[in-house]
>>> print(open('query_11.pdb').read())   # PDB, C-alpha atoms
ATOM      1  CA  MET A  22      90.772 156.869 111.321
ATOM      2  CA  ALA A  23      91.481 153.408 112.784
ATOM      3  CA  LYS A  24      88.801 153.973 115.412
ATOM      4  CA  ALA A  25      86.251 154.825 112.696
ATOM      5  CA  GLN A  26      87.162 151.665 110.753
ATOM      6  CA  ALA A  27      86.835 149.536 113.877
ATOM      7  CA  MET A  28      83.428 151.083 114.621
ATOM      8  CA  ALA A  29      82.291 150.455 111.028
ATOM      9  CA  ALA A  30      83.406 146.820 111.260
ATOM     10  CA  LEU A  31      81.556 146.406 114.553
ATOM     11  CA  MET A  32      78.374 147.907 113.103
ATOM     12  CA  LEU A  33      78.591 145.619 110.071
ATOM     13  CA  THR A  34      78.939 142.595 112.352
ATOM     14  CA  VAL A  35      75.917 143.677 114.383
ATOM     15  CA  LEU A  36      73.852 144.137 111.202
ATOM     16  CA  VAL A  37      74.792 140.675 109.905
ATOM     17  CA  VAL A  38      73.828 139.065 113.229
ATOM     18  CA  LEU A  39      70.529 140.964 113.304
ATOM     19  CA  ALA A  40      69.730 139.953 109.725
ATOM     20  CA  ALA A  41      70.430 136.286 110.496
ATOM     21  CA  SER A  42      68.288 136.497 113.633
ATOM     22  CA  ALA A  43      65.396 138.011 111.687
ATOM     23  CA  GLU A  44      65.629 135.322 109.013
ATOM     24  CA  MET A  45      65.498 132.552 111.603
ATOM     25  CA  ALA A  46      62.613 134.235 113.447
ATOM     26  CA  HIS A  47      60.481 134.053 110.300
ATOM     27  CA  GLY A  48      61.580 130.592 109.240
ATOM     28  CA  VAL A  49      63.935 129.421 106.546
ATOM     29  CA  CYS A  50      63.690 127.441 103.299
ATOM     30  CA  ASN A  51      59.875 127.480 103.257
ATOM     31  CA  LEU A  52      59.878 126.036 106.782
ATOM     32  CA  SER A  53      58.100 128.478 109.059
ATOM     33  CA  SER A  54      59.034 129.160 112.649
ATOM     34  CA  ALA A  55      55.912 127.213 113.636
ATOM     35  CA  GLY A  56      57.122 124.287 111.513
ATOM     36  CA  ILE A  57      60.539 124.396 113.118
ATOM     37  CA  ARG A  58      58.927 124.447 116.564
ATOM     38  CA  ALA A  59      56.736 121.468 115.563
ATOM     39  CA  CYS A  60      59.887 119.512 114.709
ATOM     40  CA  GLN A  61      61.883 120.647 117.723
ATOM     41  CA  PRO A  62      60.772 117.840 120.099
ATOM     42  CA  ALA A  63      62.032 115.162 117.688
ATOM     43  CA  ALA A  64      65.334 116.964 117.080
ATOM     44  CA  ALA A  65      65.874 118.285 120.592
ATOM     45  CA  ILE A  66      69.333 118.325 122.087
ATOM     46  CA  ARG A  67      68.006 116.669 125.251
ATOM     47  CA  ASN A  68      65.293 114.012 125.532
ATOM     48  CA  PRO A  69      64.095 113.990 121.918
ATOM     49  CA  THR A  70      60.896 112.183 121.001
ATOM     50  CA  GLU A  71      61.318 109.000 118.975
ATOM     51  CA  GLN A  72      59.165 110.120 116.046
ATOM     52  CA  PRO A  73      58.328 113.535 114.602
ATOM     53  CA  SER A  74      54.735 114.735 114.953
ATOM     54  CA  ALA A  75      52.294 114.870 112.050
ATOM     55  CA  GLU A  76      52.611 118.670 112.172
ATOM     56  CA  CYS A  77      56.382 118.377 111.816
ATOM     57  CA  CYS A  78      56.081 116.018 108.849
ATOM     58  CA  ALA A  79      53.544 118.318 107.174
ATOM     59  CA  ALA A  80      55.901 121.264 107.658
ATOM     60  CA  LEU A  81      58.844 119.309 106.238
ATOM     61  CA  ALA A  82      56.756 118.180 103.258
ATOM     62  CA  GLY A  83      56.353 121.842 102.291
ATOM     63  CA  ALA A  84      59.948 122.805 103.007
ATOM     64  CA  ASP A  85      62.726 123.201 100.481
ATOM     65  CA  LEU A  86      64.897 120.309 101.665
ATOM     66  CA  ALA A  87      67.756 121.165  99.291
ATOM     67  CA  CYS A  88      67.830 124.640 100.820
ATOM     68  CA  LEU A  89      67.840 123.165 104.344
ATOM     69  CA  CYS A  90      70.883 121.075 103.413
ATOM     70  CA  ARG A  91      72.844 124.296 103.014
ATOM     71  CA  TYR A  92      72.182 125.065 106.691
ATOM     72  CA  LYS A  93      73.377 121.742 108.107
ATOM     73  CA  ASN A  94      76.850 123.134 108.771
ATOM     74  CA  ALA A  95      75.407 126.084 110.703
ATOM     75  CA  ALA A  96      74.709 124.010 113.792
ATOM     76  CA  GLY A  97      75.357 126.942 116.128
ATOM     77  CA  VAL A  98      72.405 128.841 114.691
ATOM     78  CA  TRP A  99      70.016 125.912 115.167
ATOM     79  CA  VAL A 100      71.246 125.264 118.694
ATOM     80  CA  ARG A 101      71.040 128.906 119.734
ATOM     81  CA  PHE A 102      67.602 129.670 118.313
ATOM     82  CA  TYR A 103      65.776 126.345 118.539
ATOM     83  CA  ARG A 104      67.828 123.997 120.782
ATOM     84  CA  ILE A 105      67.992 121.503 117.897
ATOM     85  CA  ASP A 106      70.609 118.804 117.321
ATOM     86  CA  ILE A 107      71.386 119.222 113.624
ATOM     87  CA  ASN A 108      72.165 115.507 113.131
ATOM     88  CA  ARG A 109      68.761 114.520 114.509
ATOM     89  CA  ALA A 110      67.113 117.258 112.471
ATOM     90  CA  MET A 111      68.668 115.990 109.241
ATOM     91  CA  GLY A 112      67.155 112.552 109.956
ATOM     92  CA  LEU A 113      63.597 113.851 110.354
ATOM     93  CA  PRO A 114      62.624 113.910 106.656
ATOM     94  CA  GLY A 115      63.425 110.197 106.406
ATOM     95  CA  LYS A 116      61.268 109.470 109.458
ATOM     96  CA  CYS A 117      58.469 111.372 107.695
ATOM     97  CA  GLY A 118      58.865 109.289 104.523
ATOM     98  CA  LEU A 119      60.535 112.121 102.613
ATOM     99  CA  ALA A 120      63.719 111.749 100.592
ATOM    100  CA  MET A 121      66.575 114.140 101.215
ATOM    101  CA  PRO A 122      68.446 115.385  98.152
ATOM    102  CA  ALA A 123      71.270 113.056  97.138
ATOM    103  CA  ASN A 124      73.956 115.717  97.559
ATOM    104  CA  CYS A 125      72.903 116.705 101.085
TER     105      CYS A 125
END
>>> encode(input="query_11.pdb", output="structure tokens")
Amino acid sequence: MAKAQAMAALMLTVLVVLAASAEMAHGVCNLSSAGIRACQPAAAIRNPTEQPSAECCAALAGADLACLCRYKNAAGVWVRFYRIDINRAMGLPGKCGLAMPANC
């Protein structure tokens, strides 16, 4: 019985990780994977560019910034999938002339 419960818990964990991976692979908060990749150089962990590209700014302009704010505490996900420094990433909308939500 305990072995079956442990196996069920393990399977649930695997499913949650797979679901999160799939969500990130297709983008998040109306920001596509291509948009995230366009912003990656300006939010990179190492050697970031000074300014985001026009493609990055266009992608952020169409993104749900309030939704993205909910992901700012999930830095491990951004680092693992996109090699992004979350603090730099949160500064990109401002560099693109976009206002972040007040409660972000």
>>> residues_around(input="query_11.pdb", residues="Lys93 of chain A", least_positions_apart="3", cutoff="9 Å", atoms="only C-alpha atoms", output="list of chain:residue names")
A:Leu89, A:Cys90, A:Ala96, A:Trp99, A:Ile107, A:Asn108, A:Ala110, A:Met111, A:Cys125
>>> closest_residue(input="query_11.pdb", among="A:Ala80, A:Ala63, A:Val100, A:Cys88", to="Lys116 of chain A", atoms="only C-alpha atoms")
A:Ala63
>>> atom_distance(input="query_11.pdb", atom1="atom CA of Pro122 of chain A", atom2="atom CA of Arg67 of chain A")
27.1 Å
>>> closest_residue(input="query_11.pdb", among="A:Arg91, A:Gly112, A:Ala84, A:Ile105", to="Gly48 of chain A", atoms="only C-alpha atoms")
A:Ala84
>>> atom_distance(input="query_11.pdb", atom1="atom CA of Pro69 of chain A", atom2="atom CA of Leu86 of chain A")
21.2 Å
>>> atom_distance(input="query_11.pdb", atom1="atom CA of Cys60 of chain A", atom2="atom CA of Cys77 of chain A")
4.7 Å
>>> resolve_selection(input="query_11.pdb", expression="the PyMOL selection byres ((chain A and resi 57) around 12)", output="JSON list (two decimals) with C-alpha atoms, keeping the file's coordinate frame")
[["chain", "number", "residue", "atom", "x", "y", "z"],
["A", 45, "MET", "CA", 65.50, 132.55, 111.60],
["A", 46, "ALA", "CA", 62.61, 134.24, 113.45],
["A", 47, "HIS", "CA", 60.48, 134.05, 110.30],
["A", 48, "GLY", "CA", 61.58, 130.59, 109.24],
["A", 49, "VAL", "CA", 63.94, 129.42, 106.55],
["A", 50, "CYS", "CA", 63.69, 127.44, 103.30],
["A", 51, "ASN", "CA", 59.88, 127.48, 103.26],
["A", 52, "LEU", "CA", 59.88, 126.04, 106.78],
["A", 53, "SER", "CA", 58.10, 128.48, 109.06],
["A", 54, "SER", "CA", 59.03, 129.16, 112.65],
["A", 55, "ALA", "CA", 55.91, 127.21, 113.64],
["A", 56, "GLY", "CA", 57.12, 124.29, 111.51],
["A", 58, "ARG", "CA", 58.93, 124.45, 116.56],
["A", 59, "ALA", "CA", 56.74, 121.47, 115.56],
["A", 60, "CYS", "CA", 59.89, 119.51, 114.71],
["A", 61, "GLN", "CA", 61.88, 120.65, 117.72],
["A", 62, "PRO", "CA", 60.77, 117.84, 120.10],
["A", 63, "ALA", "CA", 62.03, 115.16, 117.69],
["A", 64, "ALA", "CA", 65.33, 116.96, 117.08],
["A", 65, "ALA", "CA", 65.87, 118.28, 120.59],
["A", 73, "PRO", "CA", 58.33, 113.54, 114.60],
["A", 74, "SER", "CA", 54.74, 114.74, 114.95],
["A", 76, "GLU", "CA", 52.61, 118.67, 112.17],
["A", 77, "CYS", "CA", 56.38, 118.38, 111.82],
["A", 78, "CYS", "CA", 56.08, 116.02, 108.85],
["A", 79, "ALA", "CA", 53.54, 118.32, 107.17],
["A", 80, "ALA", "CA", 55.90, 121.26, 107.66],
["A", 81, "LEU", "CA", 58.84, 119.31, 106.24],
["A", 83, "GLY", "CA", 56.35, 121.84, 102.29],
["A", 84, "ALA", "CA", 59.95, 122.80, 103.01],
["A", 89, "LEU", "CA", 67.84, 123.16, 104.34],
["A", 99, "TRP", "CA", 70.02, 125.91, 115.17],
["A", 102, "PHE", "CA", 67.60, 129.67, 118.31],
["A", 103, "TYR", "CA", 65.78, 126.34, 118.54],
["A", 104, "ARG", "CA", 67.83, 124.00, 120.78],
["A", 105, "ILE", "CA", 67.99, 121.50, 117.90],
["A", 110, "ALA", "CA", 67.11, 117.26, 112.47],
["A", 113, "LEU", "CA", 63.60, 113.85, 110.35]]
>>> closest_residue(input="query_11.pdb", among="A:Gln72, A:Ile66, A:Ala95, A:Ala87", to="Gly115 of chain A", atoms="only C-alpha atoms")
A:Gln72
>>> axis_aligned_box(input="query_11.pdb", around="segment 62-71 of chain A", padding_each_side="6 Å", output="lines of an AutoDock Vina configuration file")
center_x = 65.1
center_y = 113.7
center_z = 121.3
size_x = 20.6
size_y = 21.3
size_z = 20.5
